[in-house]
Amino acid sequence: MKINEFIVLEQFIVSRYTMAILPYFLNSDVYAKVIEEDGEYIVKKTPTDIVKQSCDYYGSSYRGRKEGTKAIIGITHKAPIAIEPSNEIYVFPTASPRDFRCVWLSHMHVYRYEPAKYEQTIVYFRNGKSVSLDVSCKSFINQLHRTAQLRTKLSERMEARERKLQYIFRMQQEKQT
């Protein structure tokens, strides 16, 4: 099925190629317009439902990811979500996830941004695509920085754990020789 030349999907899982998930209004329904590196789709789910289902798909609940964000960086409102940290899939909302106008953006794909008229922000992605969002540039920058903080802290923890495991492995190897 197609709507306005977009392929319509019943389900969608966020991947490394997902750049943005925007609300798409059709009649009285709120669907999602997903922008990927190589195409755009309409999904018969809200943007936040897609994020929640993607967390489930990768083995954690949305609630668990939110609680993890709170534990790691202390953020509880408009919290960035580490959907799948080992694949660098981090997204952040532009508004409260309960707001039907909330847009979710992939941190890894944001190349640059600039303020626009009427408290809007234009976001440019690494592949040259762009979107205009109904969010002030100040709020956008805050969300971008929060997500960078979450990525950095989680990355540091994963690297420290890996170093510790390598150390333990080397110590066991030495004992066997």
# chains A, B, ... in the order shown; residues from 1 in each chain; ligands from 1
call {"tool": "residues_around", "arguments": {"residues": "region 129-137 of chain A", "least_positions_apart": "5", "cutoff": "7 Å", "atoms": "only C-alpha atoms", "output": "ChimeraX atom specification"}}
result
/A:94,114-115,119-124
call {"tool": "residues_around", "arguments": {"residues": "Asp38 (chain A)", "least_positions_apart": "2", "cutoff": "10 Å", "atoms": "only C-alpha atoms", "output": "VMD selection string"}}
result
chain A and resid 17 to 19 35 to 36 40 127
call {"tool": "write_last_selection", "arguments": {"atoms": "all heavy atoms", "output": "mmCIF file, in the first residue's frame"}}
result
data_model
loop_
_atom_site.group_PDB
_atom_site.id
_atom_site.type_symbol
_atom_site.label_atom_id
_atom_site.label_comp_id
_atom_site.auth_asym_id
_atom_site.auth_seq_id
_atom_site.Cartn_x
_atom_site.Cartn_y
_atom_site.Cartn_z
ATOM 1 N N TYR A 17 20.526 2.745 10.225
ATOM 2 C CA TYR A 17 20.223 3.538 9.035
ATOM 3 C C TYR A 17 19.060 4.499 9.236
ATOM 4 O O TYR A 17 18.752 5.301 8.372
ATOM 5 C CB TYR A 17 19.935 2.607 7.858
ATOM 6 C CG TYR A 17 21.032 1.588 7.674
ATOM 7 C CD1 TYR A 17 20.828 0.257 8.013
ATOM 8 C CD2 TYR A 17 22.295 1.968 7.228
ATOM 9 C CE1 TYR A 17 21.849 -0.675 7.884
ATOM 10 C CE2 TYR A 17 23.320 1.052 7.107
ATOM 11 C CZ TYR A 17 23.089 -0.268 7.433
ATOM 12 O OH TYR A 17 24.107 -1.176 7.320
ATOM 13 N N THR A 18 18.409 4.416 10.394
ATOM 14 C CA THR A 18 17.273 5.286 10.694
ATOM 15 C C THR A 18 17.797 6.646 11.148
ATOM 16 O O THR A 18 18.590 6.730 12.085
ATOM 17 C CB THR A 18 16.391 4.669 11.798
ATOM 18 O OG1 THR A 18 16.030 3.341 11.428
ATOM 19 C CG2 THR A 18 15.145 5.502 12.024
ATOM 20 N N MET A 19 17.321 7.705 10.484
ATOM 21 C CA MET A 19 17.783 9.058 10.811
ATOM 22 C C MET A 19 16.768 9.833 11.647
ATOM 23 O O MET A 19 17.147 10.570 12.546
ATOM 24 C CB MET A 19 18.100 9.828 9.531
ATOM 25 C CG MET A 19 19.178 9.174 8.703
ATOM 26 S SD MET A 19 19.776 10.146 7.307
ATOM 27 C CE MET A 19 18.289 10.560 6.453
ATOM 28 N N ILE A 35 12.454 8.401 8.264
ATOM 29 C CA ILE A 35 13.458 8.794 7.267
ATOM 30 C C ILE A 35 14.698 7.946 7.516
ATOM 31 O O ILE A 35 15.298 8.002 8.593
ATOM 32 C CB ILE A 35 13.803 10.287 7.357
ATOM 33 C CG1 ILE A 35 12.536 11.142 7.176
ATOM 34 C CG2 ILE A 35 14.865 10.656 6.326
ATOM 35 C CD1 ILE A 35 12.752 12.628 7.395
ATOM 36 N N GLU A 36 15.041 7.157 6.508
ATOM 37 C CA GLU A 36 16.243 6.323 6.570
ATOM 38 C C GLU A 36 17.260 6.876 5.583
ATOM 39 O O GLU A 36 16.928 7.738 4.760
ATOM 40 C CB GLU A 36 15.891 4.878 6.191
ATOM 41 C CG GLU A 36 14.971 4.207 7.181
ATOM 42 C CD GLU A 36 15.588 2.953 7.759
ATOM 43 O OE1 GLU A 36 15.883 2.030 6.996
ATOM 44 O OE2 GLU A 36 15.769 2.922 8.982
ATOM 45 N N GLU A 40 12.205 6.735 2.580
ATOM 46 C CA GLU A 40 11.246 7.197 3.578
ATOM 47 C C GLU A 40 10.024 6.300 3.539
ATOM 48 O O GLU A 40 9.630 5.830 2.476
ATOM 49 C CB GLU A 40 10.853 8.654 3.313
ATOM 50 C CG GLU A 40 12.037 9.603 3.397
ATOM 51 C CD GLU A 40 11.663 11.057 3.155
ATOM 52 O OE1 GLU A 40 10.459 11.386 3.062
ATOM 53 O OE2 GLU A 40 12.584 11.880 3.066
ATOM 54 N N ASN A 127 23.893 12.478 5.245
ATOM 55 C CA ASN A 127 23.722 12.134 3.829
ATOM 56 C C ASN A 127 23.175 13.290 2.995
ATOM 57 O O ASN A 127 22.854 13.104 1.831
ATOM 58 C CB ASN A 127 22.819 10.900 3.685
ATOM 59 C CG ASN A 127 21.384 11.193 4.053
ATOM 60 O OD1 ASN A 127 21.061 12.255 4.573
ATOM 61 N ND2 ASN A 127 20.513 10.244 3.767
#
call {"tool": "residues_around", "arguments": {"residues": "Tyr24 (chain A)", "least_positions_apart": "5", "cutoff": "8 Å", "atoms": "only C-alpha atoms", "output": "PyMOL selection string"}}
result
chain A and resi 30-33+42
call {"tool": "write_last_selection", "arguments": {"atoms": "N, CA and C atoms", "output": "compact mmCIF listing (two decimals), in the first residue's frame"}}
result
# COMPACT_ATOMS: atom_id res chain seq x y z
N VAL A 30 -2.56 9.35 13.91
CA VAL A 30 -1.15 9.75 13.97
C VAL A 30 -0.32 8.53 13.64
N TYR A 31 0.38 8.60 12.52
CA TYR A 31 1.30 7.56 12.11
C TYR A 31 2.71 8.12 12.23
N ALA A 32 3.68 7.40 11.71
CA ALA A 32 5.06 7.87 11.72
C ALA A 32 5.59 7.93 10.29
N LYS A 33 6.37 8.97 10.05
CA LYS A 33 7.14 9.05 8.81
C LYS A 33 8.57 8.78 9.21
N ILE A 42 6.03 5.36 5.59
CA ILE A 42 4.98 5.66 6.55
C ILE A 42 4.73 4.37 7.32
call {"tool": "atom_distance", "arguments": {"atom1": "CA of Lys52 (chain A)", "atom2": "CA of Tyr113 (chain A)"}}
result
26.2 Å
call {"tool": "atom_distance", "arguments": {"atom1": "CA of Arg126 (chain A)", "atom2": "CA of Pro47 (chain A)"}}
result
21.3 Å
call {"tool": "select_by_dssp", "arguments": {"residues": "region 93-164 of chain A", "states": "helix (DSSP H, G or I)", "output": "VMD selection string"}}
result
chain A and resid 107 to 109 137 to 164
call {"tool": "residues_around", "arguments": {"residues": "Trp104 (chain A)", "least_positions_apart": "3", "cutoff": "12 Å", "atoms": "only C-alpha atoms", "output": "VMD selection string"}}
result
chain A and resid 14 18 to 23 32 to 35 46 to 52 78 to 81 83 89 to 101 107 109 to 110 131 133 135 140 143 to 144 147
call {"tool": "select_by_dssp", "arguments": {"residues": "region 9-175 of chain A", "states": "strand (DSSP E)", "output": "ChimeraX atom specification"}}
result
/A:9,18-26,29-36,39-43,81-84,89-93,104-106,110-116,120-125,130-133
call {"tool": "write_last_selection", "arguments": {"atoms": "N, CA and C atoms", "output": "short mmCIF file (atom, residue, chain, number, x, y, z; two decimals), in the first residue's frame"}}
result
data_model
loop_
_atom_site.label_atom_id
_atom_site.label_comp_id
_atom_site.auth_asym_id
_atom_site.auth_seq_id
_atom_site.Cartn_x
_atom_site.Cartn_y
_atom_site.Cartn_z
N LEU A 9 4.10 0.72 5.99
CA LEU A 9 4.47 -0.48 6.74
C LEU A 9 3.63 -0.61 7.99
N THR A 18 18.41 4.42 10.39
CA THR A 18 17.27 5.29 10.69
C THR A 18 17.80 6.65 11.15
N MET A 19 17.32 7.71 10.48
CA MET A 19 17.78 9.06 10.81
C MET A 19 16.77 9.83 11.65
N ALA A 20 15.47 9.69 11.34
CA ALA A 20 14.45 10.45 12.05
C ALA A 20 13.11 9.71 11.98
N ILE A 21 12.31 9.93 13.01
CA ILE A 21 10.95 9.39 13.05
C ILE A 21 10.04 10.56 13.41
N LEU A 22 9.24 10.98 12.45
CA LEU A 22 8.39 12.14 12.62
C LEU A 22 6.92 11.73 12.67
N PRO A 23 6.08 12.53 13.33
CA PRO A 23 4.65 12.23 13.27
C PRO A 23 4.13 12.53 11.86
N TYR A 24 3.19 11.72 11.43
CA TYR A 24 2.57 11.89 10.11
C TYR A 24 1.06 11.80 10.34
N PHE A 25 0.38 12.88 10.05
CA PHE A 25 -1.05 12.96 10.34
C PHE A 25 -1.85 12.62 9.09
N LEU A 26 -2.71 11.63 9.24
CA LEU A 26 -3.57 11.21 8.14
C LEU A 26 -4.99 11.07 8.69
N ASP A 29 -5.74 10.06 12.37
CA ASP A 29 -4.73 9.14 12.90
C ASP A 29 -3.34 9.77 12.92
N VAL A 30 -2.56 9.35 13.91
CA VAL A 30 -1.15 9.75 13.97
C VAL A 30 -0.32 8.53 13.64
N TYR A 31 0.38 8.60 12.52
CA TYR A 31 1.30 7.56 12.11
C TYR A 31 2.71 8.12 12.23
N ALA A 32 3.68 7.40 11.71
CA ALA A 32 5.06 7.87 11.72
C ALA A 32 5.59 7.93 10.29
N LYS A 33 6.37 8.97 10.05
CA LYS A 33 7.14 9.05 8.81
C LYS A 33 8.57 8.78 9.21
N VAL A 34 9.11 7.67 8.72
CA VAL A 34 10.47 7.28 9.05
C VAL A 34 11.39 7.69 7.91
N ILE A 35 12.45 8.40 8.26
CA ILE A 35 13.46 8.79 7.27
C ILE A 35 14.70 7.95 7.52
N GLU A 36 15.04 7.16 6.51
CA GLU A 36 16.24 6.32 6.57
C GLU A 36 17.26 6.88 5.58
N GLY A 39 15.74 5.94 2.09
CA GLY A 39 14.33 6.05 1.74
C GLY A 39 13.48 6.55 2.88
N GLU A 40 12.20 6.74 2.58
CA GLU A 40 11.25 7.20 3.58
C GLU A 40 10.02 6.30 3.54
N TYR A 41 9.44 6.07 4.72
CA TYR A 41 8.29 5.17 4.85
C TYR A 41 7.26 5.78 5.77
N ILE A 42 6.03 5.36 5.59
CA ILE A 42 4.98 5.66 6.55
C ILE A 42 4.73 4.37 7.32
N VAL A 43 4.70 4.49 8.64
CA VAL A 43 4.48 3.32 9.49
C VAL A 43 3.21 3.57 10.30
N ILE A 81 17.33 7.95 24.51
CA ILE A 81 17.17 6.50 24.67
C ILE A 81 18.28 5.76 23.93
N ALA A 82 18.96 4.88 24.63
CA ALA A 82 19.97 4.01 24.03
C ALA A 82 19.24 2.76 23.56
N ILE A 83 18.71 2.80 22.36
CA ILE A 83 17.94 1.65 21.86
C ILE A 83 18.83 0.42 21.77
N GLU A 84 20.02 0.59 21.23
CA GLU A 84 20.96 -0.53 21.10
C GLU A 84 22.38 0.03 21.13
N ILE A 89 22.98 2.95 18.41
CA ILE A 89 21.63 3.43 18.10
C ILE A 89 21.09 4.19 19.31
N TYR A 90 21.28 5.51 19.27
CA TYR A 90 20.80 6.41 20.31
C TYR A 90 19.85 7.40 19.66
N VAL A 91 18.69 7.59 20.27
CA VAL A 91 17.72 8.54 19.73
C VAL A 91 17.32 9.52 20.83
N PHE A 92 16.85 10.68 20.40
CA PHE A 92 16.37 11.67 21.37
C PHE A 92 15.10 12.33 20.86
N PRO A 93 14.20 12.67 21.81
CA PRO A 93 12.94 13.31 21.42
C PRO A 93 13.07 14.83 21.38
N TRP A 104 11.56 11.93 16.91
CA TRP A 104 12.74 11.24 17.44
C TRP A 104 13.84 11.31 16.39
N LEU A 105 15.04 11.70 16.82
CA LEU A 105 16.19 11.82 15.92
C LEU A 105 17.31 10.90 16.35
N SER A 106 17.99 10.34 15.37
CA SER A 106 19.16 9.51 15.65
C SER A 106 20.37 10.41 15.83
N VAL A 110 22.94 13.21 12.90
CA VAL A 110 22.88 14.67 12.89
C VAL A 110 24.25 15.22 12.52
N TYR A 111 24.28 15.96 11.42
CA TYR A 111 25.54 16.52 10.94
C TYR A 111 25.71 17.96 11.43
N ARG A 112 24.65 18.75 11.22
CA ARG A 112 24.65 20.12 11.72
C ARG A 112 23.21 20.60 11.84
N TYR A 113 23.05 21.79 12.37
CA TYR A 113 21.72 22.35 12.59
C TYR A 113 21.83 23.87 12.55
N GLU A 114 20.70 24.51 12.35
CA GLU A 114 20.69 25.96 12.39
C GLU A 114 19.30 26.44 12.79
N PRO A 115 19.27 27.60 13.47
CA PRO A 115 17.96 28.12 13.85
C PRO A 115 17.20 28.61 12.62
N ALA A 116 15.89 28.53 12.69
CA ALA A 116 15.03 29.02 11.62
C ALA A 116 13.97 29.93 12.25
N GLN A 120 11.93 27.48 15.19
CA GLN A 120 12.17 26.20 14.53
C GLN A 120 13.67 25.97 14.38
N THR A 121 14.01 24.73 14.07
CA THR A 121 15.41 24.36 13.83
C THR A 121 15.46 23.50 12.58
N ILE A 122 16.43 23.78 11.74
CA ILE A 122 16.66 22.93 10.57
C ILE A 122 17.81 22.00 10.91
N VAL A 123 17.56 20.71 10.76
CA VAL A 123 18.56 19.69 11.06
C VAL A 123 19.03 19.08 9.74
N TYR A 124 20.35 19.05 9.57
CA TYR A 124 20.97 18.46 8.38
C TYR A 124 21.61 17.14 8.78
N PHE A 125 21.33 16.13 7.98
CA PHE A 125 21.88 14.81 8.25
C PHE A 125 23.14 14.58 7.44
N SER A 130 17.63 16.94 4.98
CA SER A 130 17.37 17.84 6.10
C SER A 130 15.89 17.83 6.45
N VAL A 131 15.59 18.25 7.69
CA VAL A 131 14.20 18.40 8.14
C VAL A 131 14.10 19.69 8.94
N SER A 132 12.95 20.30 8.85
CA SER A 132 12.64 21.48 9.65
C SER A 132 11.75 21.04 10.80
N LEU A 133 12.16 21.38 12.02
CA LEU A 133 11.45 20.90 13.20
C LEU A 133 10.88 22.06 14.02
#
call {"tool": "closest_residue", "arguments": {"among": "A:Ser86, A:Glu37, A:Arg163, A:Lys45", "to": "Glu10 (chain A)", "atoms": "only C-alpha atoms"}}
result
A:Lys45
call {"tool": "atom_distance", "arguments": {"atom1": "CA of Ile72 (chain A)", "atom2": "CA of Ile168 (chain A)"}}
result
25.5 Å
call {"tool": "decode", "arguments": {"residues": "region 60-93 of chain A", "atoms": "N, CA and C atoms", "output": "short mmCIF file (atom, residue, chain, number, x, y, z; two decimals), in the first residue's frame"}}
result
data_model
loop_
_atom_site.label_atom_id
_atom_site.label_comp_id
_atom_site.auth_asym_id
_atom_site.auth_seq_id
_atom_site.Cartn_x
_atom_site.Cartn_y
_atom_site.Cartn_z
N SER A 60 15.47 -4.97 25.48
CA SER A 60 15.22 -4.18 26.69
C SER A 60 13.90 -3.46 26.52
N SER A 61 13.30 -3.06 27.61
CA SER A 61 12.06 -2.30 27.51
C SER A 61 12.37 -0.81 27.42
N TYR A 62 11.44 -0.07 26.88
CA TYR A 62 11.57 1.39 26.82
C TYR A 62 11.71 1.94 28.24
N ARG A 63 10.91 1.42 29.15
CA ARG A 63 10.97 1.87 30.54
C ARG A 63 12.36 1.60 31.13
N GLY A 64 12.89 0.41 30.83
CA GLY A 64 14.24 0.07 31.30
C GLY A 64 15.30 1.00 30.73
N ARG A 65 15.16 1.34 29.46
CA ARG A 65 16.12 2.27 28.83
C ARG A 65 16.01 3.66 29.45
N LYS A 66 14.78 4.09 29.74
CA LYS A 66 14.59 5.39 30.40
C LYS A 66 15.21 5.39 31.79
N GLU A 67 15.00 4.29 32.53
CA GLU A 67 15.58 4.18 33.87
C GLU A 67 17.11 4.15 33.79
N GLY A 68 17.64 3.50 32.75
CA GLY A 68 19.09 3.48 32.55
C GLY A 68 19.63 4.88 32.29
N THR A 69 18.93 5.65 31.47
CA THR A 69 19.35 7.03 31.21
C THR A 69 19.36 7.84 32.50
N LYS A 70 18.33 7.65 33.32
CA LYS A 70 18.26 8.36 34.60
C LYS A 70 19.44 7.97 35.50
N ALA A 71 19.75 6.68 35.56
CA ALA A 71 20.84 6.20 36.41
C ALA A 71 22.20 6.69 35.92
N ILE A 72 22.36 6.79 34.62
CA ILE A 72 23.67 7.15 34.05
C ILE A 72 23.92 8.65 34.01
N ILE A 73 22.92 9.43 33.55
CA ILE A 73 23.14 10.88 33.43
C ILE A 73 22.13 11.73 34.20
N GLY A 74 21.20 11.09 34.90
CA GLY A 74 20.28 11.83 35.74
C GLY A 74 19.13 12.54 35.03
N ILE A 75 18.89 12.20 33.78
CA ILE A 75 17.84 12.86 33.00
C ILE A 75 16.56 12.04 33.07
N THR A 76 15.45 12.72 33.38
CA THR A 76 14.16 12.02 33.45
C THR A 76 13.14 12.54 32.44
N HIS A 77 13.24 13.81 32.04
CA HIS A 77 12.27 14.39 31.11
C HIS A 77 12.90 14.54 29.72
N LYS A 78 12.15 14.13 28.72
CA LYS A 78 12.65 14.14 27.33
C LYS A 78 14.00 13.41 27.27
N ALA A 79 14.04 12.27 27.91
CA ALA A 79 15.29 11.52 28.04
C ALA A 79 15.73 10.90 26.72
N PRO A 80 17.02 10.98 26.41
CA PRO A 80 17.53 10.24 25.26
C PRO A 80 17.46 8.75 25.55
N ILE A 81 17.33 7.95 24.51
CA ILE A 81 17.17 6.50 24.67
C ILE A 81 18.28 5.76 23.93
N ALA A 82 18.96 4.88 24.63
CA ALA A 82 19.97 4.01 24.03
C ALA A 82 19.24 2.76 23.56
N ILE A 83 18.71 2.80 22.36
CA ILE A 83 17.94 1.65 21.86
C ILE A 83 18.83 0.42 21.77
N GLU A 84 20.02 0.59 21.23
CA GLU A 84 20.96 -0.53 21.10
C GLU A 84 22.38 0.03 21.13
N PRO A 85 22.95 0.19 22.33
CA PRO A 85 24.24 0.87 22.46
C PRO A 85 25.39 0.22 21.69
N SER A 86 25.42 -1.10 21.60
CA SER A 86 26.55 -1.74 20.92
C SER A 86 26.55 -1.45 19.42
N ASN A 87 25.42 -1.05 18.88
CA ASN A 87 25.35 -0.64 17.47
C ASN A 87 25.20 0.88 17.32
N GLU A 88 25.46 1.61 18.43
CA GLU A 88 25.42 3.07 18.41
C GLU A 88 24.05 3.63 18.02
N ILE A 89 22.98 2.95 18.41
CA ILE A 89 21.63 3.43 18.10
C ILE A 89 21.09 4.19 19.31
N TYR A 90 21.28 5.51 19.27
CA TYR A 90 20.80 6.41 20.31
C TYR A 90 19.85 7.40 19.66
N VAL A 91 18.69 7.59 20.27
CA VAL A 91 17.72 8.54 19.73
C VAL A 91 17.32 9.52 20.83
N PHE A 92 16.85 10.68 20.40
CA PHE A 92 16.37 11.67 21.37
C PHE A 92 15.10 12.33 20.86
N PRO A 93 14.20 12.67 21.81
CA PRO A 93 12.94 13.31 21.42
C PRO A 93 13.07 14.83 21.38
#
